[in-house]
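Asker: See upload_2.cif below, with mmCIF, C-alpha atoms.
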data_target
loop_
_atom_site.label_atom_id
_atom_site.label_comp_id
_atom_site.auth_asym_id
_atom_site.auth_seq_id
_atom_site.Cartn_x
_atom_site.Cartn_y
_atom_site.Cartn_z
CA MET A 1 24.40 10.38 -189.21
CA THR A 2 25.14 11.67 -185.72
CA CYS A 3 24.72 14.89 -183.82
CA PRO A 4 27.15 16.13 -181.17
CA TYR A 5 24.14 16.99 -179.05
CA THR A 6 22.95 13.36 -178.80
CA PRO A 7 24.88 12.36 -175.62
CA ASN A 8 23.01 15.06 -173.73
CA LEU A 9 19.76 13.26 -174.34
CA LEU A 10 20.50 10.80 -171.54
CA ARG A 11 20.44 13.68 -169.09
CA LEU A 12 17.24 14.98 -170.60
CA VAL A 13 15.45 11.63 -170.40
CA ALA A 14 16.57 11.20 -166.79
CA GLY A 15 15.24 14.63 -165.94
CA GLU A 16 18.66 15.92 -164.88
CA PRO A 17 18.86 19.34 -166.54
CA ALA A 18 17.48 22.44 -164.91
CA ILE A 19 14.46 24.09 -166.52
CA ALA A 20 16.45 26.53 -168.70
CA GLU A 21 18.72 23.82 -170.10
CA ARG A 22 15.77 21.53 -170.66
CA ARG A 23 14.05 24.23 -172.67
CA ASP A 24 17.17 24.60 -174.86
CA MET A 25 17.31 20.85 -175.41
CA GLN A 26 13.69 20.66 -176.38
CA ALA A 27 14.22 23.50 -178.82
CA HIS A 28 17.08 21.51 -180.34
CA LEU A 29 14.93 18.39 -180.62
CA ALA A 30 12.41 20.37 -182.63
CA THR A 31 15.05 21.13 -185.26
CA CYS A 32 17.24 17.97 -185.24
CA ALA A 33 15.76 14.78 -186.69
CA VAL A 34 18.69 12.65 -185.44
CA CYS A 35 18.27 13.71 -181.85
CA ALA A 36 14.47 13.60 -182.06
CA ARG A 37 14.61 9.95 -183.21
CA GLU A 38 17.22 9.03 -180.61
CA HIS A 39 15.20 10.76 -177.91
CA ALA A 40 12.06 8.84 -178.85
CA ARG A 41 13.97 5.52 -178.69
CA LEU A 42 15.47 6.37 -175.33
CA ILE A 43 12.04 7.23 -173.97
CA GLU A 44 10.73 3.83 -175.11
CA VAL A 45 13.55 1.93 -173.40
CA TRP A 46 13.26 4.13 -170.33
CA GLN A 47 9.56 3.31 -170.03
CA ALA A 48 10.08 -0.40 -170.68
CA LEU A 49 12.66 -0.55 -167.90
CA GLY A 50 10.24 1.23 -165.62
CA GLU A 51 7.96 -1.79 -165.66
CA TRP A 52 10.48 -3.79 -163.67
CA GLU A 53 9.56 -3.24 -160.06
CA THR A 54 11.19 -4.93 -157.10
CA ASP A 55 9.45 -5.84 -153.87
CA VAL A 56 12.23 -5.12 -151.43
CA ALA A 57 10.08 -2.77 -149.39
CA GLY A 58 8.96 -5.62 -147.13
CA ILE A 59 12.49 -6.54 -146.14
CA ASP A 60 13.97 -5.21 -142.90
CA LEU A 61 17.61 -5.97 -142.26
CA THR A 62 17.91 -4.00 -139.01
CA ALA A 63 17.71 -6.92 -136.56
CA ARG A 64 19.94 -9.07 -138.74
CA VAL A 65 22.67 -6.45 -139.05
CA LEU A 66 22.58 -5.52 -135.36
CA ALA A 67 22.84 -9.20 -134.41
CA GLU A 68 25.92 -9.50 -136.60
CA VAL A 69 27.36 -6.36 -135.02
CA SER A 70 26.89 -7.88 -131.55
CA ARG A 71 28.52 -11.12 -132.68
CA GLU A 72 31.51 -9.30 -134.18
CA SER A 73 31.84 -7.11 -131.10
CA ALA A 74 32.00 -10.24 -128.94
CA ASP A 75 34.59 -11.77 -131.26
CA ARG A 76 36.76 -8.69 -130.92
CA THR A 77 37.20 -9.39 -127.22
CA GLY A 78 37.71 -13.08 -127.95
CA PRO A 79 41.43 -12.98 -128.78
CA ALA A 80 42.23 -11.36 -125.41
CA ARG A 81 40.38 -14.16 -123.67
CA ARG A 82 42.27 -16.75 -125.70
CA PHE A 83 45.58 -15.07 -124.77
CA HIS A 84 44.73 -15.32 -121.07
CA ALA A 85 44.07 -19.03 -121.51
CA LEU A 86 47.46 -19.45 -123.16
CA ALA A 87 49.33 -17.28 -120.66
CA PRO A 88 50.64 -20.13 -118.42
CA MET A 89 52.07 -21.93 -121.43
CA VAL A 90 53.60 -18.70 -122.73
CA ARG A 91 55.18 -18.04 -119.33
CA ALA A 92 56.61 -21.57 -119.21
CA ALA A 93 58.03 -21.27 -122.73
CA ALA A 94 59.58 -17.89 -121.86
CA SER A 95 61.22 -19.37 -118.74
CA ILE A 96 62.73 -22.20 -120.76
CA LEU A 97 64.05 -19.77 -123.37
CA ILE A 98 65.63 -17.58 -120.68
CA ALA A 99 67.23 -20.58 -119.00
CA VAL A 100 68.62 -21.84 -122.30
CA GLY A 101 69.88 -18.37 -123.14
CA LEU A 102 71.62 -18.08 -119.79
CA GLY A 103 73.18 -21.48 -120.30
CA ILE A 104 74.55 -20.56 -123.70
CA GLY A 105 75.74 -17.20 -122.40
CA ALA A 106 77.48 -18.89 -119.53
CA GLY A 107 79.25 -21.20 -121.96
CA TYR A 108 80.78 -18.21 -123.76
CA VAL A 109 81.46 -15.86 -120.88
CA LEU A 110 82.56 -18.04 -118.03
CA PRO A 111 85.69 -19.48 -119.65
CA LEU A 112 87.10 -15.96 -119.62
CA ARG A 113 86.62 -15.67 -115.91
CA PHE A 114 86.99 -19.20 -114.64
CA GLY A 115 88.65 -21.19 -117.41
CA GLU A 116 91.81 -22.99 -116.35
CA THR A 117 93.68 -22.19 -119.58
CA GLY A 118 92.26 -18.74 -120.42
CA ASN A 119 91.20 -20.06 -123.87
CA ARG A 120 87.89 -18.50 -125.11
CA SER A 121 86.52 -21.68 -126.63
CA GLN A 122 83.57 -23.36 -124.94
CA GLU A 123 85.58 -26.45 -124.23
CA THR A 124 87.70 -24.55 -121.72
CA ALA A 125 84.78 -23.97 -119.35
CA SER A 126 85.18 -26.24 -116.40
CA ALA A 127 82.26 -28.35 -115.21
CA GLU A 128 82.22 -26.41 -111.96
CA ALA A 129 81.99 -23.07 -113.78
CA ILE A 130 79.03 -24.21 -115.87
CA VAL A 131 77.30 -25.54 -112.83
CA GLU A 132 77.84 -22.26 -111.01
CA ALA A 133 76.59 -20.24 -113.97
CA LEU A 134 73.42 -22.29 -114.10
CA GLY A 135 72.86 -21.73 -110.40
CA LEU A 136 73.37 -25.40 -109.60
CA SER A 137 76.44 -24.91 -107.40
CA HIS A 138 74.46 -25.87 -104.33
CA LEU A 139 74.56 -29.41 -105.68
CA GLY A 140 78.31 -29.45 -105.09
CA SER A 141 81.15 -29.95 -107.55
CA ASP A 142 81.03 -33.72 -107.14
CA SER A 143 77.50 -33.77 -108.45
CA ALA A 144 78.43 -31.69 -111.46
CA THR A 145 81.40 -33.82 -112.31
CA GLY A 146 79.30 -36.91 -111.84
CA LEU A 147 76.62 -35.51 -114.11
CA LEU A 148 79.13 -34.75 -116.88
CA ASN A 149 80.72 -38.14 -116.48
CA ALA A 150 77.35 -39.75 -116.74
CA LEU A 151 76.66 -37.80 -119.97
CA ASP A 152 80.02 -38.93 -121.38
CA ALA A 153 79.20 -42.50 -120.48
CA ASP A 154 75.85 -42.28 -122.36
CA SER A 155 77.50 -40.99 -125.56
CA PRO A 156 78.25 -43.75 -128.07
CA SER A 157 81.95 -44.25 -128.60
CA GLU A 158 83.59 -44.52 -132.00
CA GLY A 159 84.27 -48.09 -131.23
CA ASP A 160 80.56 -48.77 -130.71
CA GLU A 161 79.62 -47.25 -134.10
CA SER A 162 82.23 -49.20 -135.96
CA SER A 163 81.25 -52.49 -134.42
CA MET B 1 17.43 23.93 -146.62
CA PRO B 2 16.86 21.41 -149.43
CA ASN B 3 15.64 18.01 -148.32
CA ASP B 4 18.67 16.11 -149.62
CA ALA B 5 21.11 18.37 -147.82
CA ARG B 6 19.22 18.09 -144.54
CA ARG B 7 19.04 14.34 -144.90
CA SER B 8 22.74 14.14 -145.67
CA GLY B 9 23.50 16.28 -142.64
CA ASP B 10 21.44 13.91 -140.54
CA ASP B 11 23.37 10.96 -141.96
CA VAL B 12 26.68 12.57 -141.00
CA GLU B 13 25.34 13.20 -137.52
CA LEU B 14 24.26 9.58 -137.25
CA MET B 15 27.72 8.46 -138.36
CA ALA B 16 29.26 10.60 -135.61
CA ARG B 17 26.97 8.98 -133.04
CA LEU B 18 27.81 5.56 -134.44
CA ALA B 19 31.52 6.33 -134.11
CA ASP B 20 30.82 7.04 -130.43
CA GLY B 21 29.36 3.57 -130.08
CA ASP B 22 25.67 4.42 -130.36
CA GLN B 23 24.23 1.42 -132.19
CA SER B 24 20.78 2.99 -132.41
CA ALA B 25 22.36 5.36 -134.96
CA LEU B 26 23.22 2.34 -137.11
CA ALA B 27 19.62 1.14 -136.84
CA GLN B 28 18.44 4.52 -138.09
CA LEU B 29 20.87 4.49 -141.01
CA ILE B 30 19.67 1.02 -141.97
CA GLN B 31 16.03 2.07 -141.77
CA ARG B 32 16.73 5.04 -143.99
CA HIS B 33 18.80 3.44 -146.70
CA GLN B 34 18.22 -0.30 -146.72
CA HIS B 35 15.57 -0.35 -149.45
CA ARG B 36 17.67 1.68 -151.86
CA VAL B 37 20.68 -0.51 -151.10
CA LEU B 38 18.65 -3.71 -151.52
CA ASP B 39 17.18 -2.44 -154.77
CA ILE B 40 20.59 -1.66 -156.25
CA ALA B 41 22.02 -5.01 -155.14
CA TYR B 42 19.04 -7.02 -156.35
CA ARG B 43 18.85 -5.38 -159.77
CA THR B 44 22.60 -5.66 -160.25
CA ILE B 45 23.03 -9.22 -158.98
CA GLY B 46 19.61 -10.69 -159.75
CA ASP B 47 19.48 -12.89 -156.66
CA ARG B 48 17.41 -11.85 -153.67
CA VAL B 49 19.33 -13.83 -151.05
CA LEU B 50 22.66 -12.56 -152.34
CA ALA B 51 21.26 -9.02 -152.47
CA GLU B 52 20.31 -9.25 -148.79
CA ASP B 53 23.78 -10.54 -147.94
CA ILE B 54 25.34 -7.65 -149.85
CA ALA B 55 23.10 -5.11 -148.12
CA GLN B 56 23.93 -6.61 -144.73
CA GLU B 57 27.66 -6.52 -145.47
CA ALA B 58 27.37 -2.92 -146.69
CA PHE B 59 25.87 -1.80 -143.38
CA LEU B 60 28.45 -3.81 -141.43
CA ARG B 61 31.15 -1.97 -143.34
CA VAL B 62 29.45 1.31 -142.45
CA TRP B 63 29.62 0.27 -138.80
CA ARG B 64 33.23 -0.90 -139.03
CA SER B 65 34.30 2.32 -140.77
CA ALA B 66 32.36 4.74 -138.56
CA GLY B 67 35.48 5.64 -136.57
CA SER B 68 37.45 6.62 -139.66
CA TYR B 69 34.56 8.08 -141.70
CA VAL B 70 35.30 11.54 -143.08
CA PRO B 71 32.23 13.27 -144.55
CA SER B 72 34.01 14.55 -147.66
CA ALA B 73 31.12 13.57 -149.93
CA GLN B 74 27.44 12.83 -149.33
CA PHE B 75 26.94 9.82 -147.06
CA THR B 76 24.81 8.12 -149.71
CA THR B 77 27.54 8.45 -152.35
CA TRP B 78 29.94 6.73 -149.95
CA LEU B 79 27.35 4.06 -149.13
CA TYR B 80 26.62 3.41 -152.81
CA ARG B 81 30.32 3.03 -153.48
CA ILE B 82 30.45 0.28 -150.85
CA VAL B 83 27.40 -1.40 -152.40
CA VAL B 84 28.73 -1.12 -155.95
CA ASN B 85 32.07 -2.66 -154.94
CA LEU B 86 30.30 -5.52 -153.19
CA CYS B 87 28.05 -6.08 -156.22
CA ILE B 88 31.00 -6.10 -158.59
CA ASP B 89 32.83 -8.60 -156.37
CA ALA B 90 29.72 -10.77 -156.14
CA SER B 91 29.04 -10.64 -159.87
CA ARG B 92 32.50 -12.07 -160.52
CA LYS B 93 31.36 -15.26 -158.82
CA PRO B 94 29.68 -17.80 -161.07
CA LYS B 95 26.41 -18.11 -159.17
CA ALA B 96 25.47 -14.46 -159.60
CA LEU B 97 22.97 -13.16 -162.10
CA THR B 98 20.47 -15.96 -162.05
CA ILE B 99 17.60 -13.44 -161.88
CA ASP B 100 15.49 -15.38 -159.45
CA GLY B 101 11.73 -15.23 -159.12
CA PRO B 102 9.12 -16.37 -161.60
CA ALA B 103 9.73 -15.19 -165.12
CA VAL B 104 6.07 -15.65 -166.06
CA PRO B 105 3.03 -15.45 -163.83
CA HIS B 106 1.10 -18.40 -162.44
CA PRO B 107 -1.09 -20.08 -165.15
CA GLU B 108 -4.27 -18.78 -163.50
CA MET B 109 -2.98 -15.27 -163.72
CA ALA B 110 -1.96 -15.85 -167.31
CA ALA B 111 -5.62 -16.07 -168.23
CA VAL B 112 -5.58 -12.32 -168.37
CA SER B 113 -3.72 -11.71 -171.58
CA SER B 114 -2.65 -8.17 -170.75
CA GLY B 115 -1.20 -9.50 -167.49
CA LEU B 116 0.75 -12.08 -169.44
CA GLU B 117 2.06 -9.49 -171.85
CA ARG B 118 3.20 -7.28 -169.02
CA SER B 119 4.81 -10.21 -167.27
CA ASP B 120 6.59 -11.15 -170.51
CA ARG B 121 7.84 -7.61 -170.86
CA ILE B 122 9.14 -7.55 -167.30
CA ALA B 123 10.86 -10.91 -167.74
CA ALA B 124 12.43 -9.64 -170.95
CA VAL B 125 13.63 -6.48 -169.21
CA ARG B 126 15.21 -8.49 -166.41
CA ARG B 127 16.94 -10.83 -168.82
CA ALA B 128 18.19 -7.95 -170.95
CA VAL B 129 19.60 -6.11 -167.93
CA ALA B 130 21.20 -9.30 -166.63
CA ARG B 131 22.97 -9.81 -169.95
CA LEU B 132 24.61 -6.41 -169.93
CA PRO B 133 28.33 -6.35 -169.17
CA ARG B 134 28.98 -5.78 -165.46
CA ARG B 135 29.96 -2.09 -165.58
CA GLN B 136 27.15 -1.18 -167.97
CA ARG B 137 24.71 -2.95 -165.67
CA VAL B 138 25.92 -1.09 -162.59
CA ALA B 139 25.77 2.27 -164.36
CA LEU B 140 22.32 1.52 -165.73
CA VAL B 141 20.88 0.43 -162.38
CA LEU B 142 22.19 3.54 -160.66
CA HIS B 143 20.95 5.79 -163.48
CA ARG B 144 17.58 4.34 -164.36
CA PHE B 145 16.42 2.75 -161.12
CA SER B 146 18.19 4.75 -158.41
CA GLY B 147 17.76 8.03 -160.22
CA LEU B 148 21.37 9.10 -159.74
CA SER B 149 22.88 11.72 -162.02
CA ILE B 150 25.89 10.87 -164.16
CA ARG B 151 28.09 12.95 -161.85
CA VAL B 152 26.92 11.11 -158.72
CA ILE B 153 27.33 7.75 -160.47
CA SER B 154 30.87 8.82 -161.31
CA ASP B 155 31.51 9.67 -157.64
CA ALA B 156 29.97 6.42 -156.43
CA THR B 157 31.80 4.16 -158.84
CA GLY B 158 35.09 5.98 -159.17
CA TRP B 159 34.70 5.94 -162.97
CA SER B 160 35.04 9.21 -164.89
CA GLU B 161 31.88 11.02 -165.99
CA SER B 162 32.69 10.42 -169.63
CA ALA B 163 33.20 6.72 -168.91
CA VAL B 164 29.83 6.55 -167.16
CA GLU B 165 28.16 8.37 -170.02
CA SER B 166 29.73 6.01 -172.53
CA LEU B 167 28.65 2.96 -170.48
CA LEU B 168 25.11 4.29 -170.32
CA VAL B 169 24.90 5.05 -174.04
CA ARG B 170 26.00 1.47 -174.81
CA ALA B 171 23.72 -0.02 -172.16
CA TYR B 172 20.63 1.78 -173.43
CA ALA B 173 21.52 0.89 -177.02
CA SER B 174 21.85 -2.81 -176.11
CA LEU B 175 18.59 -2.74 -174.20
CA ARG B 176 16.80 -1.05 -177.06
CA GLN B 177 17.94 -3.85 -179.32
CA ALA B 178 17.04 -6.56 -176.82
CA LEU B 179 13.62 -5.08 -176.16
CA THR B 180 12.73 -4.22 -179.75
CA GLU B 181 9.82 -6.64 -179.70
CA PHE B 182 8.22 -4.81 -176.79
CA THR B 183 9.18 -1.23 -177.47
CA GLU B 184 7.95 -1.28 -181.07
CA SER B 185 4.62 -2.94 -180.35
#
What is this structure when it is put down as structure tokens?

Answerer:
Amino acid sequence: MTCPYTPNLLRLVAGEPAIAERRDMQAHLATCAVCAREHARLIEVWQALGEWETDVAGIDLTARVLAEVSRESADRTGPARRFHALAPMVRAAASILIAVGLGIGAGYVLPLRFGETGNRSQETASAEAIVEALGLSHLGSDSATGLLNALDADSPSEGDESS
Amino acid sequence: MPNDARRSGDDVELMARLADGDQSALAQLIQRHQHRVLDIAYRTIGDRVLAEDIAQEAFLRVWRSAGSYVPSAQFTTWLYRIVVNLCIDASRKPKALTIDGPAVPHPEMAAVSSGLERSDRIAAVRRAVARLPRRQRVALVLHRFSGLSIRVISDATGWSESAVESLLVRAYASLRQALTEFTES
């Protein structure tokens, strides 16, 4: 047998209701055997649980938490310091990327302006034009031609692979 | 002004100071609330060291969130929500719920039979609470030991009031069964 009033008993045992509501509940308990029995059981459990005390009062976490806060605050500035340490390497990498980009760009653009045949393909760029685009013209066209010749000489020929 | 409201107002003020970088405000918040936080964590998790770690992490989260804190509810409700979430996360890990500390008193103390009986009762209570399902345990700790109303528990956990009530009814029923030996004597 149940009573729709029973769930309210939790509030009563915990001392939640205001005085007027508590008075109504107690009046109900006087007339409802189901709730009266349930209320008595709840009181027993409530009191049994009350015997479990914890001794956390002696613990003080203040210093421990503030130390952790200081450590985390220091770590927050850490990444900036690490970036500064890496900055020279980042700058070097960026320079290389820009140089490579300019080289590739020169390979596409310069044939339009300086190519002997007017063909847009990379192959039409003359050695002199590439050298000029890379800012190496001060080395002279002989040097550029020599450099390209040297690269050709280093490449394995079909004959070498087949042998 | 009621005490709770004044205290809550003070907490909000301390949070504002903390957001401005005043770490002494954090120290004051810790001093005010650490024992309640530790009590909830210890009773829910059952391990003192873990409870201290949870309490520490809760206050660190308070510090980290100070800049974005909006006092829409009581500070304590917000703090308890942090603690409850940490406890639930911790209780998912296998080591939790060992219920540390001596279950029975030292043999010399046991000479006093009433002391032994009380100690047995306390050990039984701790075991019974530890065996409750996680959500029932959280609701019970907040209700019975922290003295929070069902509405505040609902706010702190994010569970509906009817869900909290249902969890509590089942928790108390389980405990009554588990503690029959002691409650009927």

Asker: Given the file above and the PyMOL selection byres ((chain B and resi 150-152) around 12), which residues are selected, and can you give them as a count of residues only?

Answerer: 45

Asker: Within 7 Å of (16.9, 9.5, -142.2), all atoms listed in the file: residues as a PyMOL selection string?

Answerer: chain B and resi 7+10-11+28-29+32

Asker: So what does the PyMOL selection byres ((chain A) within 9 of (chain B)) actually pick up in this one, as number ranges by chain?

Answerer: A: 7, 10-11, 14, 16, 41-42, 44-66, 68-69

Asker: For a test of reading the model, state the distance in Å between atom CA of Arg134 of chain B and atom CA of Ile43 of chain A, rounded to one decimal.

Answerer: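 For atom CA of Arg134 of chain B relative to atom CA of Ile43 of chain A, the distance reads 23.0 Å.
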
Asker: In Å, rounded to a single decimal, give me how far atom CA of Ala171 of chain B is from atom CA of Gln26 of chain A.

Answerer: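 Going from atom CA of Gln26 of chain A over to atom CA of Ala171 of chain B covers 23.4 Å.
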
Asker: What is the atom CA of Val49 of chain B to atom CA of Lys93 of chain B distance in Å?

Answerer: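 These atoms are spaced 14.4 Å apart.
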
Asker: Mind telling me what the PyMOL selection byres ((chain B and resi 20) around 12) catches here, as number ranges by chain?

Answerer: B: 13-19, 21-26, 63-69

Asker: Mind checking which residues fall within 8 Å of Thr44 of chain B, counting all atoms listed in the file, ignoring those fewer than 4 positions away in the same chain, and posting them as a list in words?

Answerer: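 So the residues in contact are Ile40, Cys87, Leu97, Ala130, Arg137, Val138 and Val141 of chain B.
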